2 protein chains.
Amino acid sequence: MGPHLLSRWPAWLFSVAPGWWRKGHSHALVRTACAPGATLEQRRWPGGPQWVPGASPLTCRGCSSASKRPAEVMLTQERYPVRRLPFAAASEEDLAAFERILPGRVVTSPEELAAVNVDWLRTVRGCSKVLLKPRTTEEVSQILRYCHERNLAVTPQGGNTSMVGGSVPVFDEVVLSTSLMNQVVGFHKVSGVLVCQAGCILEDLSQYVEERDFVMPLDLGAKGSCHIGGNVATNAGGLRVLRYGSLHGTVLGLEVVLADGTVLNCLTSLRKDNTGYDLKQLFIGSEGTLGVITAVSILCPPKPKAVNVAFLGCPGFTEVLQAFSSCNRLLGEILSAFEFMDAECMRLVGQHLHLACPVQESPFYVLVETSGSSREHDGAKLDAFLEQALSSGLVTDGTVATDQRKMKMLWALRERITEALSRDGYVYKYDISLPVERLYDLVTDLRARLGPSAKSVVGYGHLGDGNLHLNVTGEAFSTQLLGALEPYVYEWTARQCGSVSAEHGLGFRKRDVIGYSKPPAAVQLMRGLKALLDPKGILNPYKTLPSQ
Amino acid sequence: MGPHLLSRWPAWLFSVAPGWWRKGHSHALVRTACAPGATLEQRRWPGGPQWVPGASPLTCRGCSSASKRPAEVMLTQERYPVRRLPFAAASEEDLAAFERILPGRVVTSPEELAAVNVDWLRTVRGCSKVLLKPRTTEEVSQILRYCHERNLAVTPQGGNTSMVGGSVPVFDEVVLSTSLMNQVVGFHKVSGVLVCQAGCILEDLSQYVEERDFVMPLDLGAKGSCHIGGNVATNAGGLRVLRYGSLHGTVLGLEVVLADGTVLNCLTSLRKDNTGYDLKQLFIGSEGTLGVITAVSILCPPKPKAVNVAFLGCPGFTEVLQAFSSCNRLLGEILSAFEFMDAECMRLVGQHLHLACPVQESPFYVLVETSGSSREHDGAKLDAFLEQALSSGLVTDGTVATDQRKMKMLWALRERITEALSRDGYVYKYDISLPVERLYDLVTDLRARLGPSAKSVVGYGHLGDGNLHLNVTGEAFSTQLLGALEPYVYEWTARQCGSVSAEHGLGFRKRDVIGYSKPPAAVQLMRGLKALLDPKGILNPYKTLPSQ
């Protein structure tokens with residue numbers, strides 16, 4: 001079935017300009033000549049972060065030929081004012097002990113370590129000398145029991161797709177990878193409950209449950225690389241929060257290994273369980289600092305029978321907000337995404353990725369997705385919204401897609417902004433929650449404040465969740481520009497009672513800004529929880545909680 | 001607009017037999033001559049627990065005239081093997097200090113204390129000598145700071161609708177009522193975020209947000225009495241979990257006063273906030289043992305434009321399960337409830353409440369509710385499901401309602417089972433989560449096991465959530481019957497990896513069965529959390545965590 005057309009819209013809106021979709025862009029292996037020691041973990045990143053030249057001034061920005069190799073990312077301990085805590089260093093005896101626990105899965109080769117020591121944004125780099133690849137919870141338990149006794153610090157790592165340096169060591173922490181813990185434990189075809197190991201790749205799980213007529217309750221650009229355990233550990237948000245809510249609601253159970261090796265089995269598949277405190281909640285979003293998630297039980301919603309994507313141009317941000325209200329009213333339960341991007345974003349994806357704008361140029365664009373159980377009904381609801389939005393001037397132009405290929409094209413405009421930004425220069429990234437009516441004011445303010453000192457100041461994000469991705473680019477890293485941005489952006493956010501990290505977490509790079517969104521009593525209680533669960537502080541040290 | 005009819009269904013199905021709906025049943029004040037010291041907290045309990053003679057053998061079961069007064073409920077300390085912990089007893093000086101904090105709102109009159117010392121099921125009774133009625137968070141903070149210093153134990157109390165004795169003192173704990181903390185702080189008409197004090201009555205909030213075209217994400221029989229703070233503290237489930245998920249997902253922020261009086265302000269209204277650990281989750285479902293919730297920020301979904309209720313007869317439990325799968329497939333995103341009850345439940349509501357069965361007698365009945373944004377579309381989807389269910393024999397008879405009055409009648413059949421049970425005799429109540437395909441086996445097993453020693457053995461509940469309400473009645477309380485039920489029911493549940501408390505919590509009466517659903521490592525961590533947050537153990541003692 002083709003796209004349903006609004007009679008007043010010209011047919012050309014539903015076709016796509018030749019060449020605007022980058023050929024060959026798919027879920028294929030992403031590896032360029034620039035990538036040092038790319039591993040399987042770096043494969044398959046559809047529309048999300050990819051290894052691209054110029055991702056950071058610390059790399060070979062601007063390198064254009066395969067012969068040039070990027071400069072090594074500066075070590076975190078050199079770039080940031082952070083001091084190593086008095087953990088033990090892994091000795092030959094420790095390596096031998098690990099080898100007894102994980103025969104043949106203790107990695108010390110510099111090539112493989114290089115990849116797990118650096119984040120994909122290439123902003124932080126550790127110097128771990130050992131990477132462990134357990135397959136079972138029991139192995140994780142033995143590792144942590146040993147490390148706890150020996151006072152060895154441990155960095156759990158999933159797909160290593162953190163935006164805030166949360167998934168790589170800061171110094172020489174032992175890296176504990178979930179990459180071999182990738183088995184589905186079971187799937188319940190009536191309830192849609194999936195139980196799996198923590199190292200399953202999100203996209204693999206999506207495919208697994210979609211074959212069984214369900215969908216994962218979360219989706220994000222990094223799906224081709226990220227692990228479900230890491231998603232849960234970071235309370236990943238993404239594209240489906242509007243519809244299915246956060247992981248605090250959809251995760252039914254967790255198995256977690258605590259710092260001393262104790263296995264905490266809360267891997268229930270029940271939708272309701274009020275027997276005592278809901279311990280799993282502690283670990284959702286704690287970034288591996290309170291325990292290592294080894295298995296996940298998650299509720300998958302039924303797969304929608306019909307999906308529509310509309311890409312629309314709006315004359316102003318007020319109209320974007322009004323269109324959102326109108327969507328809520330007219331699309332109701334079938335609204336599954338309401339994303340926005342500004343004209344600057346469109347300029348960047350055009351300039352750097354050669355994606356053409358499928359509608360008339362506008363100050364703002366929104367992507368509306370519906371997911372429902374009846375193609376006919378959903379189409380009628382979407383038409384009613386579009387008629388109303390067009391006739392009232394909320395939307396000036398638009399295109400609708402119902403087939404897979406065109407929907408992907410429209411989504412790419414939104415999902416590949418990150419990639420376009422990284423090609424524009426050095427990127428200052430902010431991930432902010434704000435009251436929705438103030439969402440864009442920060443971008444406008446900042447554009448005026450920075451003037452020509454910034455190359456681009458762009459705003460986009462999950463409007464339906466009140467989540468702004470604010471990005472600023474410059475020709476190269478500049479302390480002056482950084483000084484103009486911070487703490488200004490954080491103070492501005494705090495004045496609106498917003499969050500300085502909506503979905504990316506704090507990790508290493510944002511842990512010291514927690515105070516802009518959380519009061520001292522909350523931070524103190526967090527420290528208490530950390531001390532209770534990990535008294536020696538060996539789990540993902542230097543992350544989440546602010547430096548003392 | 002009237003109900004939409006399936007042509008094959010006779011019109012009489014859509015009318016209701018005269019007199020089957022109890023006249024005058026509404027949200028009116030419920031108080032009978034039997035009720036000693038009924039207070040405002042006991043008002044307005046639509047379709048849920050009401051003050052009825054014979055609710056418990058500890059009361060005047062069978063009393064039929066206003067001249068008889070119920071026997072006093074036995075004191076908890078006499079009925080159960082529990083020892084008072086070494087807290088201070090409230091002295092005259094303490095009362096004076098409270099009076100300085102809460103001028104005129106320190107209650108010591110025996111009449112008012114009688115009502116807050118006993119639970120509505122009349123199974124537990126404390127002997128508190130003082131009831132405090134703060135209006136503000138600052139007052140709660142001052143009270144707790146004082147009690148913490150003086151080592152006075154405190155029982156927080158909302159609407160006092162606990163099913164497990166969670167909301168009344170066990171000994172002489174100070175009762176801290178949220179009844180005067182009943183102000184709406186704000187409502188955001190775009191996002192649907194409601195911020196209010198903890199003592200707001202759920203039904204009042206429902207009305208408040210419905211006037212603004214939103215609905216509360218939770219609904220339960222006790223809505224006319226229960227407080228939102230208590231709902232959150234007990235992670236109340238109820239009738240909308242299937243559609244809107246649990247409070248762990250819909251509560252956006254909390255303000256909580258900790259045991260030492262510290263105010264923890266996590267009252268954010270943001271849908272996304274990953275700045276550190278999600279502390280509010282600790283307090284959701286912790287039954288007032290970790291802190292006193294003083295304000296709640298909660299996300300309200302848009303009010304559905306169309307609601308349909310179908311009440312159906314099914315020939316067996318297998319067909320009930322198949323009908324649920326069919327509902328998921330054909331109703332998809334508009335399915336908002338899938339409740340079931342067995343023939344014994346129908347017999348009881350008929351016998352004790354004179355409600356007539358609106359369909360042909362069947363072994364099982366299901367109530368299907370849809371909530372959506374288009375009356376026409378939703379009706380078409382429901383018709384498609386009903387056609388399919390009837391033609392394939394999953395359903396043998398049914399009736400559909402779309403107008404408010406008839407929908408309430410159909411819902412009453414399900415919601416008033418509790419009331420019918422309490423009129424049937426002494427009730428042994430179990431609230432179990434099980435894998436949905438085993439949900440009814442426990443009822444069948446138990447019926448065979450108990451034989452004529454039980455008066456009624458009934459099963460009903462939130463099938464869509466895998467939540468069985470298993471109730472057994474006897475002529476009077478019998479230790480022999482209790483011995484046949486416990487630990488049998490708990491062991492049966494544990495073998496299926498179920499939960500021995502799906503939504504009611506543990507409170508006082510179920511705290512010692514936690515081990516059937518949680519491993520020792522989990523209970524140990526819960527004790528650690530309690531010690532961290534409430535080192536003196538003054539908050540709601542003898543609740544949630546098992547006796548040592």
# chains A, B, ... in the order shown; residues from 1 in each chain; ligands from 1
call {"tool": "select_by_dssp", "arguments": {"residues": "segment 287-431 of chain B", "states": "helix (DSSP H, G or I)", "output": "PyMOL selection string"}}
result
chain B and resi 317-334+343-353+375-391+404-415+417-424
call {"tool": "residues_around", "arguments": {"residues": "Leu202 of chain B", "least_positions_apart": "2", "cutoff": "10 Å", "atoms": "only C-alpha atoms", "output": "MDAnalysis selection string"}}
result
chainID B and resid 159 198:200 204:208 216 218:220 222:231
call {"tool": "interface_residues", "arguments": {"of": "chain B", "to": "chain A", "cutoff": "6 Å", "atoms": "only C-alpha atoms", "output": "PyMOL selection string"}}
result
chain B and resi 248-249+271-277+286+332+373+465+499+501-503+505+514+544
call {"tool": "residues_around", "arguments": {"residues": "Arg150 of chain A", "least_positions_apart": "2", "cutoff": "10 Å", "atoms": "only C-alpha atoms", "output": "PyMOL selection string"}}
result
chain A and resi 87-90+94+144-148+152-153
call {"tool": "residues_around", "arguments": {"residues": "Val193 of chain A", "least_positions_apart": "5", "cutoff": "7 Å", "atoms": "only C-alpha atoms", "output": "ChimeraX atom specification"}}
result
/A:187-188,269,297-300
call {"tool": "residues_around", "arguments": {"residues": "segment 122-136 of chain B", "least_positions_apart": "5", "cutoff": "7 Å", "atoms": "only C-alpha atoms", "output": "PDB file with C-alpha atoms, in the first residue's frame"}}
result
ATOM      1  CA  SER B  56     -13.841  -9.632  59.713  1.00  0.00           C
ATOM      2  CA  VAL B  73     -10.514  -5.208  66.738  1.00  0.00           C
ATOM      3  CA  MET B  74      -7.909  -7.171  68.672  1.00  0.00           C
ATOM      4  CA  LEU B  75      -4.711  -5.232  69.231  1.00  0.00           C
ATOM      5  CA  THR B  76      -1.964  -6.180  66.797  1.00  0.00           C
ATOM      6  CA  LEU B 102       1.357  22.356  64.389  1.00  0.00           C
ATOM      7  CA  ARG B 105      -3.441  20.146  64.610  1.00  0.00           C
ATOM      8  CA  VAL B 106      -2.207  17.715  67.254  1.00  0.00           C
ATOM      9  CA  VAL B 107      -5.026  15.245  67.861  1.00  0.00           C
ATOM     10  CA  THR B 108      -5.279  13.198  71.030  1.00  0.00           C
ATOM     11  CA  LEU B 113      -7.419   8.123  67.244  1.00  0.00           C
ATOM     12  CA  ASN B 117      -5.364   3.079  64.732  1.00  0.00           C
ATOM     13  CA  GLY B 165      -1.885  -3.426  57.532  1.00  0.00           C
ATOM     14  CA  VAL B 168      -1.699   1.917  60.912  1.00  0.00           C
ATOM     15  CA  PRO B 169       0.599   1.831  63.910  1.00  0.00           C
ATOM     16  CA  VAL B 170       1.530  -1.554  65.371  1.00  0.00           C
ATOM     17  CA  PHE B 171       2.144  -0.160  68.862  1.00  0.00           C
ATOM     18  CA  ASP B 172       2.079   3.477  69.902  1.00  0.00           C
ATOM     19  CA  GLU B 173       3.828   5.051  66.904  1.00  0.00           C
ATOM     20  CA  VAL B 174       3.004   8.683  66.232  1.00  0.00           C
ATOM     21  CA  VAL B 175       0.547   8.834  63.320  1.00  0.00           C
ATOM     22  CA  LEU B 176       1.538  11.418  60.713  1.00  0.00           C
ATOM     23  CA  SER B 177      -1.458  12.005  58.477  1.00  0.00           C
ATOM     24  CA  THR B 178      -1.249  13.651  55.058  1.00  0.00           C
ATOM     25  CA  SER B 179      -4.966  14.482  55.129  1.00  0.00           C
ATOM     26  CA  LEU B 180      -4.437  18.257  55.256  1.00  0.00           C
ATOM     27  CA  MET B 181      -1.733  18.224  52.588  1.00  0.00           C
TER      28      MET B 181
END
call {"tool": "residues_around", "arguments": {"residues": "Thr479 of chain B", "least_positions_apart": "6", "cutoff": "12 Å", "atoms": "only C-alpha atoms", "output": "ChimeraX atom specification"}}
result
/B:426,428,453,485-486
call {"tool": "write_last_selection", "arguments": {"atoms": "all heavy atoms", "output": "mmCIF file, in the first residue's frame"}}
result
data_model
loop_
_atom_site.group_PDB
_atom_site.id
_atom_site.type_symbol
_atom_site.label_atom_id
_atom_site.label_comp_id
_atom_site.auth_asym_id
_atom_site.auth_seq_id
_atom_site.Cartn_x
_atom_site.Cartn_y
_atom_site.Cartn_z
ATOM 1 N N TYR B 426 -15.518 -14.794 56.564
ATOM 2 C CA TYR B 426 -14.143 -14.343 56.795
ATOM 3 C C TYR B 426 -13.353 -14.566 55.512
ATOM 4 O O TYR B 426 -13.439 -15.625 54.889
ATOM 5 C CB TYR B 426 -13.497 -15.122 57.942
ATOM 6 C CG TYR B 426 -12.100 -14.617 58.210
ATOM 7 C CD1 TYR B 426 -11.895 -13.445 58.938
ATOM 8 C CD2 TYR B 426 -10.999 -15.281 57.685
ATOM 9 C CE1 TYR B 426 -10.619 -12.954 59.156
ATOM 10 C CE2 TYR B 426 -9.716 -14.792 57.904
ATOM 11 C CZ TYR B 426 -9.533 -13.627 58.633
ATOM 12 O OH TYR B 426 -8.276 -13.136 58.838
ATOM 13 N N TYR B 428 -9.851 -14.802 53.368
ATOM 14 C CA TYR B 428 -8.403 -14.971 53.246
ATOM 15 C C TYR B 428 -8.029 -14.423 51.876
ATOM 16 O O TYR B 428 -8.460 -14.969 50.855
ATOM 17 C CB TYR B 428 -8.019 -16.444 53.356
ATOM 18 C CG TYR B 428 -8.553 -17.112 54.611
ATOM 19 C CD1 TYR B 428 -9.870 -17.576 54.677
ATOM 20 C CD2 TYR B 428 -7.739 -17.267 55.734
ATOM 21 C CE1 TYR B 428 -10.363 -18.175 55.827
ATOM 22 C CE2 TYR B 428 -8.221 -17.874 56.888
ATOM 23 C CZ TYR B 428 -9.540 -18.321 56.926
ATOM 24 O OH TYR B 428 -10.027 -18.916 58.065
ATOM 25 N N SER B 453 -14.160 -27.477 53.267
ATOM 26 C CA SER B 453 -13.725 -26.678 54.423
ATOM 27 C C SER B 453 -13.755 -25.174 54.108
ATOM 28 O O SER B 453 -13.777 -24.340 55.013
ATOM 29 C CB SER B 453 -12.325 -27.100 54.879
ATOM 30 O OG SER B 453 -11.370 -26.770 53.902
ATOM 31 N N LEU B 485 -4.057 -23.191 53.751
ATOM 32 C CA LEU B 485 -3.771 -22.169 52.728
ATOM 33 C C LEU B 485 -2.301 -21.757 52.711
ATOM 34 O O LEU B 485 -1.714 -21.532 51.652
ATOM 35 C CB LEU B 485 -4.629 -20.926 52.987
ATOM 36 C CG LEU B 485 -6.080 -21.013 52.550
ATOM 37 C CD1 LEU B 485 -6.899 -19.906 53.203
ATOM 38 C CD2 LEU B 485 -6.178 -20.916 51.031
ATOM 39 N N GLU B 486 -1.756 -21.619 53.894
ATOM 40 C CA GLU B 486 -0.384 -21.103 53.993
ATOM 41 C C GLU B 486 0.490 -22.127 54.706
ATOM 42 O O GLU B 486 0.054 -22.687 55.707
ATOM 43 C CB GLU B 486 -0.370 -19.782 54.774
ATOM 44 C CG GLU B 486 -1.180 -18.702 54.093
ATOM 45 C CD GLU B 486 -1.229 -17.384 54.895
ATOM 46 O OE1 GLU B 486 -0.384 -17.188 55.776
ATOM 47 O OE2 GLU B 486 -2.140 -16.600 54.634
#
